Amino acid sequence: AKAERWDVFTVKDRDKALRLRDRFYNCKPASELIENSKFEVPMVNNLMGYPFRGKADVLGEHLIDLKTTQICSAFRYSANKYNYDSQCYIYCNLFGKSYKDFKYIVIDKSPTNEIGIFNVSENFYFSGEQKVEYAIKVYENYIKNEFDLENYLVEDTL
């Protein structure tokens with residue numbers, strides 16, 4: 001079946017997905033945030049002089065990114081670990097939204113399916129901006145200018 005279709009999954013996985021869906025839609029604060037919204041909206045635009053692309057999970061009054069996690073209460077740490085601040089900065093700029101309108105809706109995959117709604121602080125947003133600026137500098141120094149990577153070295157003090 002997998003050779004013929006990409007979307008084949010087990011009954012167990014289907015049941016988990018349906019449980020997540022039902023839990024989400026039965027949580028009024030979460031489900032109300034996505035009312036009258038568009039889903040999976042793509043966007044390409046220039047940011048800091050370079051083309052960026054993204055796809056908003058939910059775009060309406062709010063710009064919402066949906067995430068699953070193992071432990072909802074640990075999302076704050078995952079957001080930093082996986083640089084979600086950079087995603088927030090890029091998406092806000094791509095879609096013309098303020099960081100005040102950006103939210104993460106998180107549902108954990110444990111049997112409780114706990115849901116979290118995470119707003120974005122100004123510090124989180126500007127942290128993302130700094131990381132994007134740094135990434136562009138790295139791109140310009142090492143890729144665009146064809147830096148000899150044989151000479152690349154990380155030096156730091158602990």
# chains A, B, ... in the order shown; residues from 1 in each chain; ligands from 1
>>> residues_around(residues="Asp65 of chain A", least_positions_apart="2", cutoff="12 Å", atoms="only C-alpha atoms", output="NGL selection string")
:A and (30 or 33-34 or 39-41 or 54-60 or 62-63 or 67-68 or 79 or 84-85 or 87-88 or 91-92 or 101-107 or 116-120)
>>> select_by_dssp(residues="chain A", states="helix (DSSP H, G or I)", output="number ranges by chain")
A: 11-26, 28-33, 72-81, 84-95, 99-101, 122-144, 149-151
>>> atom_distance(atom1="atom CA of Lys100 of chain A", atom2="atom CA of Glu61 of chain A")
10.9 Å
>>> closest_residue(among="A:Leu158, A:Ile115, A:Met43, A:Met48", to="Ser73 of chain A", atoms="only C-alpha atoms")
A:Ile115
>>> closest_residue(among="A:Tyr82, A:Phe24, A:Tyr89, A:Tyr99", to="Leu66 of chain A", atoms="only C-alpha atoms")
A:Phe24
>>> closest_residue(among="A:Lys12, A:Cys72, A:Ile64, A:Ile136", to="Lys38 of chain A", atoms="only C-alpha atoms")
A:Ile64
>>> select_by_dssp(residues="chain A", states="strand (DSSP E)", output="PyMOL selection string")
chain A and resi 38-47+50-59+63-69+102-108+115-119
>>> write_last_selection(atoms="N, CA and C atoms", output="mmCIF file, in the first residue's frame")
data_model
loop_
_atom_site.group_PDB
_atom_site.id
_atom_site.type_symbol
_atom_site.label_atom_id
_atom_site.label_comp_id
_atom_site.auth_asym_id
_atom_site.auth_seq_id
_atom_site.Cartn_x
_atom_site.Cartn_y
_atom_site.Cartn_z
ATOM 1 N N LYS A 38 -7.967 30.791 7.498
ATOM 2 C CA LYS A 38 -7.510 29.979 6.368
ATOM 3 C C LYS A 38 -6.419 29.051 6.898
ATOM 4 N N PHE A 39 -6.241 27.922 6.231
ATOM 5 C CA PHE A 39 -5.293 26.923 6.696
ATOM 6 C C PHE A 39 -4.236 26.633 5.633
ATOM 7 N N GLU A 40 -3.021 26.378 6.115
ATOM 8 C CA GLU A 40 -1.884 26.046 5.257
ATOM 9 C C GLU A 40 -1.713 27.075 4.140
ATOM 10 N N VAL A 41 -1.534 28.322 4.533
ATOM 11 C CA VAL A 41 -1.399 29.428 3.592
ATOM 12 C C VAL A 41 0.079 29.654 3.279
ATOM 13 N N PRO A 42 0.490 29.451 2.029
ATOM 14 C CA PRO A 42 1.901 29.662 1.678
ATOM 15 C C PRO A 42 2.198 31.139 1.421
ATOM 16 N N MET A 43 3.463 31.503 1.619
ATOM 17 C CA MET A 43 3.883 32.888 1.366
ATOM 18 C C MET A 43 5.366 32.889 1.032
ATOM 19 N N VAL A 44 5.720 33.712 0.061
ATOM 20 C CA VAL A 44 7.116 33.963 -0.297
ATOM 21 C C VAL A 44 7.294 35.470 -0.304
ATOM 22 N N ASN A 45 8.358 35.950 0.325
ATOM 23 C CA ASN A 45 8.608 37.372 0.361
ATOM 24 C C ASN A 45 10.078 37.601 0.697
ATOM 25 N N ASN A 46 10.543 38.816 0.494
ATOM 26 C CA ASN A 46 11.912 39.163 0.850
ATOM 27 C C ASN A 46 11.957 39.650 2.287
ATOM 28 N N LEU A 47 13.014 39.245 2.952
ATOM 29 C CA LEU A 47 13.259 39.632 4.334
ATOM 30 C C LEU A 47 14.750 39.890 4.457
ATOM 31 N N TYR A 50 16.666 39.021 1.316
ATOM 32 C CA TYR A 50 16.741 37.638 0.845
ATOM 33 C C TYR A 50 15.347 37.033 0.773
ATOM 34 N N PRO A 51 15.133 36.113 -0.166
ATOM 35 C CA PRO A 51 13.822 35.473 -0.263
ATOM 36 C C PRO A 51 13.625 34.449 0.864
ATOM 37 N N PHE A 52 12.470 34.485 1.455
ATOM 38 C CA PHE A 52 12.079 33.512 2.473
ATOM 39 C C PHE A 52 10.726 32.959 2.083
ATOM 40 N N ARG A 53 10.460 31.761 2.535
ATOM 41 C CA ARG A 53 9.149 31.170 2.290
ATOM 42 C C ARG A 53 8.675 30.490 3.567
ATOM 43 N N GLY A 54 7.372 30.405 3.685
ATOM 44 C CA GLY A 54 6.780 29.742 4.833
ATOM 45 C C GLY A 54 5.351 29.363 4.522
ATOM 46 N N LYS A 55 4.784 28.570 5.396
ATOM 47 C CA LYS A 55 3.388 28.170 5.245
ATOM 48 C C LYS A 55 2.737 28.276 6.620
ATOM 49 N N ALA A 56 1.792 29.202 6.723
ATOM 50 C CA ALA A 56 1.074 29.398 7.980
ATOM 51 C C ALA A 56 0.099 28.242 8.185
ATOM 52 N N ASP A 57 0.169 27.609 9.341
ATOM 53 C CA ASP A 57 -0.807 26.563 9.646
ATOM 54 C C ASP A 57 -2.206 27.167 9.690
ATOM 55 N N VAL A 58 -2.329 28.309 10.372
ATOM 56 C CA VAL A 58 -3.613 28.987 10.521
ATOM 57 C C VAL A 58 -3.382 30.481 10.349
ATOM 58 N N LEU A 59 -4.150 31.100 9.462
ATOM 59 C CA LEU A 59 -4.032 32.533 9.230
ATOM 60 C C LEU A 59 -5.420 33.148 9.243
ATOM 61 N N LEU A 63 -2.044 34.652 13.648
ATOM 62 C CA LEU A 63 -1.145 33.778 12.905
ATOM 63 C C LEU A 63 -0.759 32.679 13.883
ATOM 64 N N ILE A 64 -1.178 31.451 13.587
ATOM 65 C CA ILE A 64 -1.033 30.357 14.549
ATOM 66 C C ILE A 64 -0.214 29.237 13.937
ATOM 67 N N ASP A 65 0.737 28.754 14.740
ATOM 68 C CA ASP A 65 1.479 27.570 14.355
ATOM 69 C C ASP A 65 1.051 26.453 15.297
ATOM 70 N N LEU A 66 0.675 25.328 14.723
ATOM 71 C CA LEU A 66 0.245 24.172 15.502
ATOM 72 C C LEU A 66 1.427 23.250 15.730
ATOM 73 N N LYS A 67 1.595 22.804 16.954
ATOM 74 C CA LYS A 67 2.707 21.916 17.289
ATOM 75 C C LYS A 67 2.189 20.751 18.120
ATOM 76 N N THR A 68 2.808 19.597 17.939
ATOM 77 C CA THR A 68 2.602 18.491 18.870
ATOM 78 C C THR A 68 3.887 18.332 19.665
ATOM 79 N N THR A 69 3.742 17.789 20.856
ATOM 80 C CA THR A 69 4.893 17.630 21.729
ATOM 81 C C THR A 69 4.686 16.411 22.612
ATOM 82 N N PHE A 102 0.761 36.507 16.992
ATOM 83 C CA PHE A 102 1.313 35.172 16.724
ATOM 84 C C PHE A 102 1.098 34.295 17.954
ATOM 85 N N LYS A 103 0.634 33.079 17.723
ATOM 86 C CA LYS A 103 0.430 32.134 18.825
ATOM 87 C C LYS A 103 0.872 30.737 18.396
ATOM 88 N N TYR A 104 1.349 29.991 19.376
ATOM 89 C CA TYR A 104 1.570 28.562 19.189
ATOM 90 C C TYR A 104 0.466 27.839 19.935
ATOM 91 N N ILE A 105 -0.203 26.934 19.240
ATOM 92 C CA ILE A 105 -1.141 26.038 19.918
ATOM 93 C C ILE A 105 -0.474 24.674 19.918
ATOM 94 N N VAL A 106 -0.307 24.151 21.118
ATOM 95 C CA VAL A 106 0.457 22.926 21.323
ATOM 96 C C VAL A 106 -0.452 21.868 21.941
ATOM 97 N N ILE A 107 -0.352 20.660 21.422
ATOM 98 C CA ILE A 107 -1.087 19.541 22.024
ATOM 99 C C ILE A 107 -0.105 18.400 22.238
ATOM 100 N N ASP A 108 -0.121 17.876 23.467
ATOM 101 C CA ASP A 108 0.824 16.784 23.713
ATOM 102 C C ASP A 108 0.214 15.455 23.301
ATOM 103 N N ILE A 115 -3.516 20.576 26.102
ATOM 104 C CA ILE A 115 -3.399 21.635 25.109
ATOM 105 C C ILE A 115 -2.845 22.881 25.769
ATOM 106 N N GLY A 116 -1.929 23.544 25.064
ATOM 107 C CA GLY A 116 -1.387 24.806 25.543
ATOM 108 C C GLY A 116 -1.489 25.866 24.456
ATOM 109 N N ILE A 117 -1.804 27.069 24.857
ATOM 110 C CA ILE A 117 -1.794 28.208 23.946
ATOM 111 C C ILE A 117 -0.695 29.129 24.441
ATOM 112 N N PHE A 118 0.303 29.349 23.597
ATOM 113 C CA PHE A 118 1.472 30.134 23.972
ATOM 114 C C PHE A 118 1.515 31.417 23.159
ATOM 115 N N ASN A 119 1.433 32.532 23.856
ATOM 116 C CA ASN A 119 1.603 33.832 23.232
ATOM 117 C C ASN A 119 3.090 34.096 23.079
#
>>> atom_distance(atom1="atom CA of Leu153 of chain A", atom2="atom CA of Asn141 of chain A")
13.3 Å
>>> atom_distance(atom1="atom CA of Asn83 of chain A", atom2="atom CA of Phe124 of chain A")
9.9 Å
>>> closest_residue(among="A:Arg5, A:Ser86, A:Lys109, A:Ala74", to="Leu18 of chain A", atoms="only C-alpha atoms")
A:Lys109
